[in-house]
file final_38.cif (mmCIF, C-alpha atoms)
data_target
#
loop_
_atom_site.label_atom_id
_atom_site.label_comp_id
_atom_site.auth_asym_id
_atom_site.auth_seq_id
_atom_site.Cartn_x
_atom_site.Cartn_y
_atom_site.Cartn_z
CA MET C 745 36.50 144.39 -1.88
CA PRO C 746 36.95 144.16 1.91
CA GLU C 747 34.92 141.55 3.75
CA LEU C 748 32.69 144.04 5.58
CA GLU C 749 31.62 145.70 2.34
CA LEU C 750 30.81 142.32 0.81
CA GLN C 751 28.70 141.50 3.86
CA LEU C 752 26.84 144.80 3.53
CA ARG C 753 26.08 144.14 -0.12
CA ALA C 754 24.77 140.69 0.85
CA LEU C 755 22.66 142.33 3.56
CA ALA C 756 20.91 144.40 0.89
CA ASP C 757 18.88 141.29 0.02
CA ASP C 758 17.49 141.23 3.57
CA VAL C 759 16.16 144.77 3.69
CA LEU C 760 12.39 144.87 4.06
CA TRP C 761 11.67 147.96 2.00
CA PRO C 762 8.12 149.31 2.22
CA ALA C 763 6.16 148.84 -1.00
CA THR C 764 6.86 151.66 -3.43
CA PRO C 765 3.67 153.74 -3.86
CA ASP C 766 2.39 154.59 -7.33
CA LEU C 767 4.06 157.97 -7.47
CA ALA C 768 3.66 158.27 -11.23
CA ALA C 769 -0.12 158.33 -10.85
CA ALA C 770 0.03 160.68 -7.86
CA VAL C 771 2.30 163.13 -9.65
CA ALA C 772 0.17 163.02 -12.80
CA ARG C 773 -2.87 164.11 -10.76
CA VAL C 774 -1.11 167.33 -9.73
CA PRO C 775 -1.41 170.01 -12.41
CA ARG C 776 1.83 171.36 -13.78
CA GLU C 777 2.77 174.63 -12.11
CA PRO C 778 2.89 177.55 -14.49
CA ARG C 779 6.24 179.25 -14.96
CA ARG C 780 6.73 181.95 -12.37
CA PRO C 781 9.46 184.18 -11.08
CA ARG C 782 11.70 182.99 -8.24
CA ARG C 783 9.82 182.98 -4.95
CA ARG C 784 10.58 185.97 -2.76
CA THR C 785 8.75 185.25 0.47
CA ARG C 786 6.06 182.88 1.59
CA ARG C 787 3.63 185.73 1.88
CA ALA C 788 4.30 186.80 -1.69
CA LEU C 789 3.40 183.36 -2.94
CA ALA C 790 -0.06 184.41 -3.90
CA ALA C 791 1.01 186.86 -6.55
CA GLY C 792 0.77 186.01 -10.19
CA LEU C 793 -0.11 182.31 -10.09
CA ALA C 794 -2.99 180.40 -11.53
CA ALA C 795 -5.35 179.19 -8.85
CA LEU C 796 -8.17 176.86 -8.00
CA LEU C 797 -11.01 178.09 -5.91
CA LEU C 798 -12.89 175.91 -3.50
CA VAL C 799 -16.29 177.34 -2.66
CA PRO C 800 -19.51 176.07 -1.20
CA ALA C 801 -21.99 174.85 -3.73
CA ALA C 802 -24.33 177.72 -2.99
CA ALA C 803 -21.64 180.33 -2.57
CA VAL C 804 -21.71 183.87 -3.73
CA ALA C 805 -19.80 184.69 -6.89
CA PHE C 806 -16.06 185.11 -6.60
CA PRO C 807 -14.50 187.94 -8.55
CA GLY C 808 -12.37 186.90 -11.49
CA ALA C 809 -12.92 184.69 -14.50
CA ARG C 810 -13.36 180.97 -13.94
CA ASP C 811 -12.06 178.66 -16.57
CA ASP C 812 -12.89 175.36 -14.97
CA VAL C 813 -15.17 173.79 -12.43
CA LEU C 814 -14.03 170.69 -10.60
CA ASP C 815 -17.28 169.37 -9.28
CA TRP C 816 -16.12 165.78 -8.85
CA LEU C 817 -15.65 166.26 -5.15
CA GLY C 818 -19.12 165.33 -4.15
CA LEU C 819 -18.94 167.56 -1.12
CA ARG C 820 -22.36 168.97 -0.45
CA ASP C 821 -21.20 172.33 0.78
CA VAL C 822 -17.98 172.77 -1.12
CA GLU C 823 -16.82 172.71 -4.71
CA ILE C 824 -13.55 173.57 -6.41
CA ARG C 825 -13.25 176.10 -9.16
CA ARG C 826 -10.19 177.21 -11.02
CA VAL C 827 -9.49 180.92 -11.11
CA PRO C 828 -6.72 182.65 -13.04
CA ALA C 829 -5.11 184.37 -10.08
CA PRO C 830 -5.67 184.63 -6.36
CA PRO C 831 -5.93 187.92 -4.54
CA ALA C 832 -2.46 189.35 -3.96
CA ASP C 833 -2.96 190.34 -0.33
CA ALA C 834 -2.81 186.84 1.12
CA ARG C 835 -1.20 186.32 4.51
CA LEU C 836 -0.38 183.43 6.81
CA GLU C 837 -3.13 182.22 9.08
CA LEU C 838 -2.82 183.36 12.71
CA GLU C 839 -4.41 181.70 15.69
CA ALA C 840 -6.45 184.83 16.33
CA ASP C 841 -8.15 184.25 12.96
CA LEU C 842 -9.81 181.22 14.52
CA GLY C 843 -11.83 183.30 16.97
CA HIS C 844 -11.69 183.88 20.69
CA ARG C 845 -10.26 181.32 23.09
CA VAL C 846 -12.78 179.45 25.23
CA THR C 847 -13.31 176.08 26.83
CA LEU C 848 -14.60 173.27 24.63
CA ALA C 849 -17.95 173.30 26.43
CA ARG C 850 -18.31 177.04 25.91
CA ALA C 851 -17.35 176.74 22.24
CA GLN C 852 -19.99 174.07 21.70
CA ARG C 853 -22.64 176.19 23.39
CA GLU C 854 -21.75 179.23 21.29
CA ALA C 855 -21.57 177.31 18.01
CA GLY C 856 -24.64 175.25 18.76
CA PHE C 857 -23.20 171.84 17.96
CA THR C 858 -20.93 169.19 19.48
CA ALA C 859 -17.42 169.15 18.06
CA ALA C 860 -15.99 165.93 16.64
CA ILE C 861 -12.89 165.06 18.66
CA PRO C 862 -10.20 162.94 16.94
CA ALA C 863 -9.80 159.85 19.10
CA ALA C 864 -6.21 159.58 17.84
CA LEU C 865 -5.33 162.80 19.67
CA GLY C 866 -7.85 163.15 22.46
CA ALA C 867 -8.78 166.48 24.04
CA PRO C 868 -7.36 169.57 22.31
CA ASP C 869 -4.80 171.83 23.97
CA ARG C 870 -6.76 174.97 23.07
CA VAL C 871 -10.19 175.73 21.62
CA ARG C 872 -11.30 178.80 19.70
CA VAL C 873 -14.70 179.70 18.36
CA THR C 874 -16.15 182.28 16.03
CA GLY C 875 -19.75 182.24 14.90
CA GLN C 876 -20.69 178.63 14.16
CA ARG C 877 -17.09 177.57 13.69
CA ILE C 878 -15.09 175.66 16.32
CA SER C 879 -11.32 175.19 16.05
CA LEU C 880 -9.53 172.51 18.06
CA ILE C 881 -5.83 173.30 18.40
CA TYR C 882 -3.21 170.66 19.21
CA ALA C 883 0.31 171.64 20.26
CA PRO C 884 3.29 170.41 18.21
CA ARG C 885 4.60 166.99 19.21
CA PRO C 886 6.53 164.13 17.62
CA GLY C 887 4.73 163.34 14.40
CA LEU C 888 2.91 166.71 14.43
CA PRO C 889 5.53 169.31 13.43
CA SER C 890 4.77 172.96 14.04
CA LEU C 891 2.65 174.75 11.47
CA ASP C 892 3.99 177.93 9.91
CA GLY C 893 2.79 181.04 11.69
CA VAL C 894 0.87 179.21 14.43
CA ASP C 895 2.14 177.50 17.59
CA ALA C 896 0.25 174.34 16.75
CA GLY C 897 0.92 170.94 15.24
CA LEU C 898 -2.65 170.43 14.06
CA ILE C 899 -5.80 172.49 13.78
CA LEU C 900 -9.20 170.89 13.24
CA THR C 901 -11.86 173.42 12.34
CA GLU C 902 -15.49 172.39 12.17
CA SER C 903 -18.36 174.45 10.88
CA ARG C 904 -21.95 173.68 10.10
CA GLY C 905 -22.67 173.05 6.46
CA GLY C 906 -25.81 173.81 4.58
CA ILE C 907 -26.45 177.01 6.47
CA PRO C 908 -27.37 179.99 4.33
CA GLY C 909 -24.40 182.32 4.20
CA GLU C 910 -22.05 179.89 5.92
CA TYR C 911 -19.31 178.94 3.56
CA LEU C 912 -15.73 178.12 2.95
CA GLN C 913 -13.50 179.13 0.12
CA LYS C 914 -10.19 177.58 -0.81
CA LEU C 915 -7.61 179.03 -3.11
CA LEU C 916 -5.22 176.45 -4.51
CA TYR C 917 -2.27 177.95 -6.30
CA GLY C 918 -0.55 176.37 -9.26
CA GLY C 919 1.23 173.12 -8.41
CA ILE C 920 -0.96 172.42 -5.40
CA GLY C 921 -2.35 168.90 -5.46
CA VAL C 922 -5.97 168.03 -4.83
CA GLU C 923 -6.73 164.39 -4.18
CA ARG C 924 -10.12 162.86 -3.50
CA VAL C 925 -10.23 160.88 -0.25
CA ARG C 926 -12.88 159.34 1.98
CA VAL C 927 -13.14 160.04 5.69
CA ARG C 928 -15.41 157.75 7.68
CA GLY C 929 -17.23 156.95 4.45
CA GLU C 930 -17.79 160.61 3.61
CA PRO C 931 -16.29 162.41 0.60
CA GLY C 932 -13.33 164.66 1.14
CA VAL C 933 -10.18 166.06 -0.38
CA TYR C 934 -6.52 166.17 0.59
CA ILE C 935 -4.67 169.31 -0.44
CA SER C 936 -0.87 169.15 -0.55
CA GLY C 937 2.20 170.46 -2.31
CA GLY C 938 2.52 173.90 -0.72
CA GLU C 939 0.54 176.72 0.79
CA HIS C 940 -3.02 177.35 -0.30
CA GLY C 941 -5.35 180.16 0.62
CA TYR C 942 -8.73 179.98 2.27
CA ILE C 943 -11.48 182.40 3.05
CA TYR C 944 -14.23 182.12 5.64
CA GLU C 945 -17.26 184.17 6.13
CA THR C 946 -16.82 186.23 9.30
CA PRO C 947 -19.38 186.06 12.11
CA SER C 948 -20.69 189.43 11.03
CA GLY C 949 -21.44 188.01 7.60
CA THR C 950 -18.71 189.79 5.67
CA ILE C 951 -16.40 187.94 3.33
CA GLU C 952 -12.94 189.35 2.85
CA GLU C 953 -12.35 187.89 -0.57
CA ASP C 954 -9.28 190.02 -1.19
CA ARG C 955 -7.41 188.76 1.87
CA PRO C 956 -7.27 184.98 1.93
CA LEU C 957 -5.26 183.26 4.63
CA LEU C 958 -2.43 180.91 3.70
CA ALA C 959 -2.48 177.41 5.11
CA GLY C 960 -0.54 174.17 4.63
CA ARG C 961 -1.55 170.59 3.95
CA THR C 962 -5.21 170.13 4.68
CA VAL C 963 -7.87 167.43 4.70
CA ILE C 964 -11.41 168.68 4.11
CA TRP C 965 -14.42 166.49 4.44
CA ALA C 966 -18.13 166.75 4.95
CA GLY C 967 -20.28 164.67 7.24
CA GLY C 968 -22.90 164.90 9.91
CA GLY C 969 -24.07 168.23 8.55
CA ARG C 970 -20.61 169.74 9.06
CA VAL C 971 -17.62 170.72 7.03
CA HIS C 972 -14.32 169.72 8.65
CA ARG C 973 -10.94 171.24 7.85
CA LEU C 974 -7.88 169.54 9.33
CA GLU C 975 -4.57 171.30 8.80
CA THR C 976 -1.24 169.73 9.72
CA ALA C 977 2.28 169.54 8.36
CA ALA C 978 2.34 165.84 9.28
CA ALA C 979 2.48 163.16 6.61
CA ARG C 980 -0.60 162.43 4.53
CA ALA C 981 -1.14 159.06 6.19
CA THR C 982 -1.00 160.65 9.65
CA ALA C 983 -3.40 163.42 8.67
CA LEU C 984 -5.93 160.94 7.26
CA ARG C 985 -5.61 158.61 10.25
CA ILE C 986 -6.38 161.49 12.61
CA ALA C 987 -9.23 162.74 10.42
CA ARG C 988 -10.76 159.29 10.31
CA SER C 989 -10.63 159.04 14.09
CA ALA C 990 -12.79 162.14 14.57
CA GLU C 991 -15.99 160.95 16.21
CA PRO C 992 -19.05 162.97 15.14
CA MET X 219 13.32 145.83 -32.00
CA THR X 220 12.14 148.41 -29.46
CA ILE X 221 14.76 150.82 -28.18
CA GLU X 222 13.94 152.16 -24.75
CA ALA X 223 14.19 155.93 -24.47
CA THR X 224 17.10 157.10 -22.36
CA ASP X 225 16.71 159.38 -19.37
CA ALA X 226 18.26 162.15 -21.44
CA ASP X 227 15.67 161.67 -24.20
CA LEU X 228 12.80 161.69 -21.72
CA ALA X 229 14.17 164.69 -19.84
CA ALA X 230 14.50 166.61 -23.10
CA ARG X 231 10.89 165.82 -23.99
CA ALA X 232 9.76 166.74 -20.47
CA ARG X 233 11.56 170.07 -20.77
CA SER X 234 9.46 170.85 -23.82
CA GLY X 235 6.29 170.20 -21.81
CA ASP X 236 5.71 166.49 -22.50
CA ASP X 237 4.09 165.31 -19.24
CA ARG X 238 3.95 161.72 -20.51
CA ALA X 239 7.74 161.70 -20.85
CA PHE X 240 8.09 163.02 -17.31
CA GLY X 241 5.66 160.33 -16.16
CA MET X 242 7.94 157.70 -17.67
CA LEU X 243 10.86 159.18 -15.73
CA VAL X 244 8.80 158.96 -12.54
CA GLU X 245 7.94 155.32 -13.21
CA ARG X 246 11.57 154.55 -13.93
CA HIS X 247 12.98 156.18 -10.80
CA GLN X 248 10.15 156.10 -8.26
CA THR X 249 11.52 153.09 -6.37
CA VAL X 250 15.01 154.48 -5.84
CA ALA X 251 13.57 157.91 -5.02
CA PHE X 252 11.13 156.48 -2.48
CA ARG X 253 13.76 154.26 -0.86
CA THR X 254 16.28 157.09 -0.67
CA ALA X 255 13.66 159.21 1.08
CA TYR X 256 12.87 156.26 3.37
CA VAL X 257 16.53 155.93 4.37
CA ILE X 258 16.53 159.59 5.36
CA CYS X 259 13.02 159.89 6.91
CA GLY X 260 12.68 156.46 8.49
CA SER X 261 8.94 156.59 7.80
CA ALA X 262 7.16 155.19 4.77
CA ALA X 263 4.44 157.85 4.92
CA ASP X 264 6.96 160.70 5.09
CA ALA X 265 9.04 159.04 2.37
CA GLU X 266 5.99 158.85 0.12
CA ASP X 267 5.25 162.53 0.64
CA ALA X 268 8.89 163.51 0.19
CA ALA X 269 9.26 161.51 -3.01
CA GLN X 270 5.96 162.78 -4.41
CA ASP X 271 6.75 166.41 -3.61
CA GLY X 272 10.27 165.88 -4.94
CA PHE X 273 8.96 164.67 -8.29
CA ILE X 274 6.52 167.58 -8.47
CA LYS X 275 9.33 170.04 -7.79
CA ALA X 276 11.56 168.26 -10.30
CA ARG X 277 8.85 168.60 -12.93
CA ALA X 278 8.50 172.30 -12.16
CA ALA X 279 12.29 172.73 -12.37
CA ILE X 280 12.89 170.51 -15.40
CA GLY X 281 13.59 173.61 -17.50
CA ARG X 282 16.71 174.19 -15.39
CA PHE X 283 17.94 170.60 -15.78
CA ARG X 284 21.18 170.69 -17.78
CA ALA X 285 20.89 168.75 -21.03
CA GLY X 286 23.24 165.77 -21.10
CA ALA X 287 23.66 165.60 -17.30
CA PRO X 288 22.64 162.37 -15.55
CA PHE X 289 19.03 162.64 -14.43
CA ARG X 290 19.07 160.39 -11.36
CA PRO X 291 21.55 162.36 -9.19
CA TRP X 292 19.67 165.56 -10.03
CA LEU X 293 16.39 163.97 -9.01
CA LEU X 294 17.84 162.45 -5.83
CA THR X 295 19.14 165.86 -4.75
CA ILE X 296 15.60 167.23 -4.85
CA VAL X 297 13.94 164.22 -3.22
CA ALA X 298 16.58 163.99 -0.47
CA ASN X 299 16.12 167.68 0.35
CA GLU X 300 12.39 167.08 0.76
CA ALA X 301 13.11 164.07 2.95
CA ARG X 302 15.54 165.99 5.17
CA ASN X 303 12.97 168.75 5.62
CA ARG X 304 10.44 166.22 6.83
CA ARG X 305 12.93 164.53 9.12
CA ARG X 306 13.79 167.87 10.69
CA SER X 307 10.11 168.62 11.16
CA ALA X 308 9.31 165.30 12.71
CA GLY X 309 12.49 165.01 14.78
CA ARG X 310 12.44 161.42 13.77
CA ARG X 311 15.37 159.04 13.87
CA SER X 312 15.58 156.99 10.73
CA ALA X 313 15.62 153.23 10.97
CA LEU X 314 15.63 150.46 8.46
CA ALA X 315 13.67 147.30 8.83
CA LEU X 316 16.07 144.49 8.27
CA ARG X 317 14.78 141.00 7.98
CA ALA X 318 18.06 139.73 9.39
CA ALA X 319 17.58 141.79 12.53
CA ALA X 320 13.88 141.23 12.94
CA GLU X 321 13.61 137.52 12.43
CA PRO X 322 14.12 135.25 15.39
CA PRO X 323 16.55 132.34 15.00
CA ALA X 324 15.18 129.71 12.63
CA PRO X 325 13.11 127.13 14.51
CA VAL X 326 14.58 124.22 12.58
CA PRO X 327 18.26 123.26 12.52
CA LEU X 328 20.13 124.87 9.65
CA PRO X 329 23.26 123.61 8.02
CA GLU X 330 26.13 125.00 10.03
CA ALA X 331 27.36 127.45 7.38
CA ALA X 332 23.88 128.81 6.73
CA ALA X 333 23.21 129.25 10.43
CA LEU X 334 26.48 131.11 10.78
CA ALA X 335 25.64 133.39 7.87
CA SER X 336 22.21 134.12 9.31
CA SER X 337 23.66 134.95 12.71
CA GLU X 338 26.32 137.24 11.20
CA ARG X 339 23.71 139.10 9.19
CA ARG X 340 21.61 139.67 12.27
CA GLU X 341 24.66 141.03 14.08
CA LEU X 342 25.53 143.24 11.15
CA ALA X 343 21.99 144.59 10.84
CA ALA X 344 21.83 145.29 14.56
CA ALA X 345 25.20 147.07 14.48
CA LEU X 346 24.09 149.14 11.49
CA ALA X 347 20.91 150.13 13.31
CA ARG X 348 22.99 151.38 16.27
CA LEU X 349 24.99 153.81 14.13
CA GLY X 350 24.19 157.50 14.12
CA PRO X 351 22.16 158.86 11.19
CA GLU X 352 25.17 160.30 9.34
CA HIS X 353 27.00 156.97 9.30
CA ARG X 354 23.93 154.82 8.78
CA GLU X 355 22.65 156.87 5.86
CA VAL X 356 25.84 156.78 3.83
CA ILE X 357 26.19 153.02 4.31
CA ALA X 358 22.54 152.38 3.47
CA LEU X 359 22.66 154.51 0.33
CA ARG X 360 25.95 153.07 -0.91
CA TYR X 361 25.54 149.38 -0.09
CA LEU X 362 21.85 148.65 0.54
CA LEU X 363 20.54 150.88 -2.25
CA ASP X 364 23.65 150.42 -4.40
CA LEU X 365 23.86 154.10 -5.32
CA SER X 366 27.03 155.34 -7.00
CA GLU X 367 29.27 157.73 -5.09
CA ALA X 368 27.97 160.59 -7.25
CA GLU X 369 24.38 159.62 -6.43
CA CYS X 370 25.22 159.30 -2.72
CA ALA X 371 26.74 162.77 -2.86
CA ALA X 372 23.60 164.12 -4.49
CA ALA X 373 21.36 162.49 -1.88
CA LEU X 374 23.55 163.60 1.03
CA GLY X 375 24.05 167.11 -0.31
CA CYS X 376 27.86 166.87 -0.26
CA ARG X 377 30.78 166.39 -2.66
CA PRO X 378 31.78 162.91 -3.91
CA GLY X 379 35.06 163.23 -2.03
CA THR X 380 33.11 163.78 1.17
CA VAL X 381 31.17 160.59 0.49
CA LYS X 382 34.43 158.63 0.42
CA SER X 383 35.66 160.03 3.72
CA ARG X 384 32.24 159.76 5.37
CA LEU X 385 31.91 156.17 4.18
CA SER X 386 35.35 155.33 5.51
CA ARG X 387 34.48 156.73 8.93
CA ALA X 388 31.10 154.97 8.90
CA LEU X 389 32.66 151.59 8.07
CA GLY X 390 35.22 152.10 10.82
CA ARG X 391 32.45 152.86 13.27
CA LEU X 392 30.51 149.82 12.10
CA ARG X 393 33.55 147.58 12.66
CA LEU X 394 33.84 148.90 16.21
CA GLU X 395 30.17 148.19 16.81
CA LEU X 396 30.60 144.64 15.54
CA GLU X 397 33.69 144.07 17.65
CA GLY X 398 31.86 145.40 20.68
CA SER X 399 28.91 143.09 20.14
CA ARG X 400 31.20 140.06 19.71
CA ALA X 401 33.42 140.85 22.69
#

call {"tool": "encode", "arguments": {"input": "final_38.cif", "output": "structure tokens"}}
result
Amino acid sequence: MPELELQLRALADDVLWPATPDLAAAVARVPREPRRPRRRTRRALAAGLAALLLVPAAAVAFPGARDDVLDWLGLRDVEIRRVPAPPADARLELEADLGHRVTLARAQREAGFTAAIPAALGAPDRVRVTGQRISLIYAPRPGLPSLDGVDAGLILTESRGGIPGEYLQKLLYGGIGVERVRVRGEPGVYISGGEHGYIYETPSGTIEEDRPLLAGRTVIWAGGGRVHRLETAAARATALRIARSAEP
Amino acid sequence: MTIEATDADLAARARSGDDRAFGMLVERHQTVAFRTAYVICGSAADAEDAAQDGFIKARAAIGRFRAGAPFRPWLLTIVANEARNRRRSAGRRSALALRAAAEPPAPVPLPEAAALASSERRELAAALARLGPEHREVIALRYLLDLSEAECAAALGCRPGTVKSRLSRALGRLRLELEGSRA
């Protein structure tokens, strides 16, 4: 073998590989995806799959049979339930779904609370508000790749928990992982593995249960009387670092 | 005497829905999968996500895995695709942490031969780090991870013959880098 190749093989002993994570345990936590036909489009993903439903603890009933309740989350305003199939009319989230665009100060006045700003990112590029829900939007940048359907690298949505009628639903399709995490000492979950759907109550109080919005990897946590939803296509570690830097 | 199940045995059991068998495949191959993803992504966090998502997709697709085929190249194809997707998203340049490159010269005198070897390794690591991703990846997979040519081809998404030619070009480029640094 030529000298250079021998030197490269010897160099292999000097590589400082990062510690291999326990992938076996992580994979085992993700439920096996049911068999399904070949995917046609992202927007058709919702059709025909088993699903998990994340709802507030005091939420209204969701149509469809529930065969499981995952109440290990410990989130005061949210719980996960498994449902046999999500509504078929899901679509990608658009920025307009987050409300009208305003300044941060105006959003806080309208929502009636002070938004938690992630110190890791600083001031948001755009702010939107609807009802008592504030969304901080950060433009794509290195480490924060663009989200599907939205010109943003990260969206942090905050809403007040424990308010009658105020609630959040999550639809997690088969194969989507749900992992329990802690954010600033508060319970939360990290959702990964593909698109999931979510439903909010609109400011007028209506809940469009048949038209969930599709979103990507998301950290959800409770704390300070709020429910936080951080969506980004960035790596899990990045998403959690940013979430943990959000000052209440 | 305990006979360890082969990949083919475990894959066959996994195809019939045995999650424990698939879990054993994950345990067996998680290090090479994670490191392959790390070579491509250049980020441990992205590599972890890529490898995890790759295993989840492999489990979902295990029914399409051809009985009798080697499992590791099939798995590395899936994991490497996930890693490339993340690298494209992040626009990140991969880099390997090499002890030889990172460590300063030893503070105590070394025997002459050992000092020479240490210096050459640092030069080699630095030259490798200066290569473009296409050249650096094929060298890292083949020599630092000790993948076979078939496994390199699977990870790089090309034919084994392409691995040979790409490796030849990469080694040539690496020699030029070394000559340049010694000139």

call {"tool": "interface_residues", "arguments": {"input": "final_38.cif", "of": "chain C", "to": "chain X", "cutoff": "8 Å", "atoms": "all atoms listed in the file", "output": "compact mmCIF listing (two decimals) with C-alpha atoms, in the frame of the given file"}}
result
# COMPACT_ATOMS: atom_id res chain seq x y z
CA LEU C 748 32.69 144.04 5.58
CA GLU C 749 31.62 145.70 2.34
CA GLN C 751 28.70 141.50 3.86
CA LEU C 752 26.84 144.80 3.53
CA ARG C 753 26.08 144.14 -0.12
CA LEU C 755 22.66 142.33 3.56
CA ALA C 756 20.91 144.40 0.89
CA ASP C 757 18.88 141.29 0.02
CA ASP C 758 17.49 141.23 3.57
CA VAL C 759 16.16 144.77 3.69
CA LEU C 760 12.39 144.87 4.06
CA TRP C 761 11.67 147.96 2.00
CA PRO C 762 8.12 149.31 2.22
CA THR C 764 6.86 151.66 -3.43
CA PRO C 765 3.67 153.74 -3.86
CA ASP C 766 2.39 154.59 -7.33
CA LEU C 767 4.06 157.97 -7.47
CA ALA C 768 3.66 158.27 -11.23
CA ALA C 770 0.03 160.68 -7.86
CA VAL C 771 2.30 163.13 -9.65
CA ALA C 772 0.17 163.02 -12.80
CA VAL C 774 -1.11 167.33 -9.73
CA ARG C 776 1.83 171.36 -13.78
CA GLU C 777 2.77 174.63 -12.11
CA ARG C 779 6.24 179.25 -14.96
CA PRO C 886 6.53 164.13 17.62
CA GLY C 887 4.73 163.34 14.40
CA LEU C 888 2.91 166.71 14.43
CA PRO C 889 5.53 169.31 13.43
CA SER C 890 4.77 172.96 14.04
CA GLY C 919 1.23 173.12 -8.41
CA GLY C 937 2.20 170.46 -2.31
CA ALA C 978 2.34 165.84 9.28
CA ALA C 979 2.48 163.16 6.61
CA ARG C 980 -0.60 162.43 4.53
CA ALA C 981 -1.14 159.06 6.19
CA THR C 982 -1.00 160.65 9.65

call {"tool": "atom_distance", "arguments": {"input": "final_38.cif", "atom1": "atom CA of Ala345 of chain X", "atom2": "atom CA of Ala371 of chain X"}}
result
23.4 Å

call {"tool": "axis_aligned_box", "arguments": {"input": "final_38.cif", "around": "segment 275-280 of chain X", "padding_each_side": "8 Å", "output": "lines of an AutoDock Vina configuration file"}}
result
center_x = 10.7
center_y = 170.5
center_z = -11.6
size_x = 20.4
size_y = 20.5
size_z = 23.6

call {"tool": "resolve_selection", "arguments": {"input": "final_38.cif", "expression": "the PyMOL selection byres ((chain C and resi 934) around 9)", "output": "list in words"}}
result
Gly921, Val922, Glu923, Arg924, Val925, Gly932, Val933, Ile935, Ser936, Arg961, Thr962, Val963, Ile964, Trp965, Arg980 and Leu984 of chain C

call {"tool": "atom_distance", "arguments": {"input": "final_38.cif", "atom1": "atom CA of Ala230 of chain X", "atom2": "atom CA of Pro775 of chain C"}}
result
19.5 Å

call {"tool": "resolve_selection", "arguments": {"input": "final_38.cif", "expression": "the PyMOL selection byres ((chain C and resi 900-903) around 8)", "output": "list in words"}}
result
Ala859, Ala860, Gln876, Arg877, Ile878, Ser879, Leu880, Ile881, Leu898, Ile899, Arg904, Gly905, Arg970, Val971, His972, Arg973, Leu974 and Glu975 of chain C

call {"tool": "atom_distance", "arguments": {"input": "final_38.cif", "atom1": "atom CA of Arg348 of chain X", "atom2": "atom CA of Glu395 of chain X"}}
result
7.9 Å

call {"tool": "resolve_selection", "arguments": {"input": "final_38.cif", "expression": "the PyMOL selection byres ((chain C and resi 895) around 10)", "output": "list in words"}}
result
Leu838, Glu839, Ile881, Tyr882, Ala883, Pro884, Pro889, Ser890, Leu891, Asp892, Gly893, Val894, Ala896, Gly897 and Leu898 of chain C

call {"tool": "residues_around", "arguments": {"input": "final_38.cif", "residues": "Arg387 of chain X", "least_positions_apart": "4", "cutoff": "12 Å", "atoms": "only C-alpha atoms", "output": "CSV table (one decimal) with C-alpha atoms, keeping the file's coordinate frame"}}
result
chain,number,residue,atom,x,y,z
X,349,LEU,CA,25.0,153.8,14.1
X,350,GLY,CA,24.2,157.5,14.1
X,352,GLU,CA,25.2,160.3,9.3
X,353,HIS,CA,27.0,157.0,9.3
X,354,ARG,CA,23.9,154.8,8.8
X,356,VAL,CA,25.8,156.8,3.8
X,357,ILE,CA,26.2,153.0,4.3
X,380,THR,CA,33.1,163.8,1.2
X,381,VAL,CA,31.2,160.6,0.5
X,382,LYS,CA,34.4,158.6,0.4
X,383,SER,CA,35.7,160.0,3.7
X,391,ARG,CA,32.4,152.9,13.3
X,392,LEU,CA,30.5,149.8,12.1
X,393,ARG,CA,33.6,147.6,12.7
X,394,LEU,CA,33.8,148.9,16.2

call {"tool": "residues_around", "arguments": {"input": "final_38.cif", "residues": "Thr224 of chain X", "least_positions_apart": "2", "cutoff": "12 Å", "atoms": "all atoms listed in the file", "output": "list in words"}}
result
Ile221, Glu222, Ala226, Asp227, Leu228, Ala229, Ala230, Arg231, Ala239, Phe240, Met242, Leu243, Arg246, Gly286, Ala287, Pro288, Phe289 and Arg290 of chain X
